[in-house]
Amino acid sequence: MSLPWLATARVTALENALARRILVIDGAMGTMIQRHHLTEADYRGERFAAGFDALCAPAGHAHGPGCGCEGHDQRGNNDLLTLTRPDIIRGIHRAYLEAGADLIETNTFNSTSVSLADYRLQHLVRELNREGARLARAECDAIEAQDPSQPRFVIGVLGPTNRTASLSPDVSRPGFRAITFDGLADAYREAARGLVEGGADILMVETVFDTLNAKAALFAIDDVFAEIGARLPVMISGTITDASGRTLSGQTAEAFWYSLRHARPLAVGLNCALGARDLRQHIDVLARVADTHVSTHPNAGLPNAFGGYDETPEDMAAVLREFAESGLLNLVGGCCGTTPEHIRAIAAAVRDLPPRAVPTLDAVPAEAAA
């Protein structure tokens with residue numbers, strides 16, 4: 001028997017909004033953080049100023065100069081800013097909401113023990129996810145209070161990690177794996193608990209390059225829902241890695257959907273890696289085969305020689321409007337290189353267009369849904 005919704009009124013509001021119009025997802029978090037030109041000191045804040053977490057120490061240990069706990073440099077650890085510079089993260093959320101976003105993503109893309117191991121901060125997983133969701137929740141509630149007719153929703157983000165369960169990172173050892181399914185599930189389970197505690201409306205398994213990683217995340221999410229006796233809507237967004245039209249683990253958009261259809265997500269889509277023009281054919285495939293909502297939040301074109309993104313808000317909005325005019329979209333936003341200016345233009349471009357009609361296809365076989 002299916003679990004009840006954790007927040008029935010919020011889910012009803014979301015479903016009603018999806019039935020009426022194309023909903024707008026926010027844009028890039030990292031792009032906006034880069035505008036602040038932060039230093040190592042900004043990332044560390046007071047809590048991590050000495051190179052370790054001043055609020056966390058092993059039993060019987062007293063932190064101090066030369067204690068041996070000095071950790072990794074934190075510059076570039078954008079998720080840590082949720083704790084050390086929450087003013088910046090709140091401001092980015094607010095800018096996207098004011099630009100017209102209906103849904104904003106938590107600053108938790110790398111907040112799993114797998115990814116945080118690079119910074120020796122694995123103990124922060126639950127806190128980062130909980131506080132990331134709380135920051136986004138507070139900004140959504142504040143904007144929604146100004147106009148209750150337009151509800152705003154928090155997407156709790158679960159990123160892909162920096163490991164792949166399907167492929168070997170060592171070409172000389174094709175059978176080797178840097179992580180196991182169970183290891184990934186454990187990492188995602190802890191992150192999902194924090195997102196739920198912080199007040200996320202939706203959980204999104206995002207930028208999926210390896211479908212086995214996504215399966216581990218969905219398995220972990222189901223475990224968390226079982227623990228609390230209730231569930232949240234779930235979104236899945238994959239990434240086509242290059243001109244081959246496949247994910248890193250080798251699947252086309254259609255195969256990606258059928259591999260994950262049993263999870264019955266609120267929405268399935270594609271994000272990152274490519275610009276909107278290059279994603280068009282793959283979103284078209286999803287729109288034809290998926291009996292759920294379809295989303296896309298592409299990059300602002302392909303990166304240039306300096307790692308930047310050149311596609312203007314107007315150009316990107318025009319391409320995505322054509323997606324909507326062709327009946328492909330239920331949710332749309334931006335990924336790398338996009339800004340509030342992009343989201344404002346995209347929101348305006350799709351405002352007068354109806355959402356894609358979700359088709360009724362063959363039922364998922366009982367054995368696949370089990």
# chains A, B, ... in the order shown; residues from 1 in each chain; ligands from 1
>>> closest_atom_pairs(of="segment 36-136 of chain A", to="segment 168-190 of chain A", cutoff="7 Å", atoms="only C-alpha atoms", output="JSON lines")
{"residue": "A:Thr112", "atom": "CA", "partner": "A:Ala187", "partner_atom": "CA", "distance": 5.6}
{"residue": "A:Ser113", "atom": "CA", "partner": "A:Ala187", "partner_atom": "CA", "distance": 5.6}
{"residue": "A:Val114", "atom": "CA", "partner": "A:Ala187", "partner_atom": "CA", "distance": 6.6}
{"residue": "A:Val125", "atom": "CA", "partner": "A:Glu190", "partner_atom": "CA", "distance": 6.9}
{"residue": "A:Arg126", "atom": "CA", "partner": "A:Glu190", "partner_atom": "CA", "distance": 6.0}
>>> write_last_selection(atoms="N, CA, C and O atoms", output="mmCIF file, in the first residue's frame")
data_model
loop_
_atom_site.group_PDB
_atom_site.id
_atom_site.type_symbol
_atom_site.label_atom_id
_atom_site.label_comp_id
_atom_site.auth_asym_id
_atom_site.auth_seq_id
_atom_site.Cartn_x
_atom_site.Cartn_y
_atom_site.Cartn_z
ATOM 1 N N THR A 112 26.625 14.856 0.177
ATOM 2 C CA THR A 112 26.618 13.445 0.555
ATOM 3 C C THR A 112 27.988 13.118 1.135
ATOM 4 O O THR A 112 28.972 13.814 0.860
ATOM 5 N N SER A 113 28.059 12.063 1.906
ATOM 6 C CA SER A 113 29.349 11.681 2.498
ATOM 7 C C SER A 113 30.372 11.348 1.421
ATOM 8 O O SER A 113 31.578 11.538 1.611
ATOM 9 N N VAL A 114 29.914 10.855 0.277
ATOM 10 C CA VAL A 114 30.823 10.514 -0.819
ATOM 11 C C VAL A 114 31.529 11.758 -1.342
ATOM 12 O O VAL A 114 32.758 11.788 -1.491
ATOM 13 N N VAL A 125 26.881 15.889 6.705
ATOM 14 C CA VAL A 125 25.875 15.559 5.690
ATOM 15 C C VAL A 125 24.461 15.922 6.135
ATOM 16 O O VAL A 125 23.753 16.669 5.449
ATOM 17 N N ARG A 126 24.036 15.405 7.250
ATOM 18 C CA ARG A 126 22.650 15.635 7.662
ATOM 19 C C ARG A 126 22.405 17.113 7.953
ATOM 20 O O ARG A 126 21.360 17.668 7.600
#
>>> residues_around(residues="Asp26 of chain A", least_positions_apart="2", cutoff="7 Å", atoms="only C-alpha atoms", output="count of residues only")
9
>>> closest_atom_pairs(of="segment 255-300 of chain A", to="segment 17-22 of chain A", cutoff="12 Å", atoms="only C-alpha atoms", output="tab-separated table")
residue	atom	partner	partner_atom	distance
A:Leu266	CA	A:Leu18	CA	10.2
A:Ala267	CA	A:Leu18	CA	10.5
A:Thr292	CA	A:Leu18	CA	11.1
A:His293	CA	A:Leu18	CA	8.5
A:Val294	CA	A:Ile22	CA	10.1
A:Ser295	CA	A:Ile22	CA	9.4
A:Thr296	CA	A:Ile22	CA	11.2
>>> select_by_dssp(residues="segment 74-262 of chain A", states="strand (DSSP E)", output="list in words")
Leu103, Ile104, Glu105, Phe153, Val154, Ile155, Gly156, Val157, Leu158, Ile202, Leu203, Met204, Val205, Glu206, Thr207, Val208, Val234, Met235, Ile236, Ser237 and Gly238 of chain A
>>> atom_distance(atom1="atom CA of Asn299 of chain A", atom2="atom CA of Glu322 of chain A")
16.3 Å
>>> select_by_dssp(residues="segment 147-358 of chain A", states="helix (DSSP H, G or I)", output="number ranges by chain")
A: 181-198, 211-228, 253-263, 276-289, 313-325, 340-350
>>> closest_residue(among="A:Ile202, A:Ala300, A:Met32, A:Ile236", to="Leu6 of chain A", atoms="only C-alpha atoms")
A:Ile202
>>> closest_residue(among="A:Leu353, A:Ile89, A:Ile228, A:Leu331", to="Asp102 of chain A", atoms="only C-alpha atoms")
A:Leu331
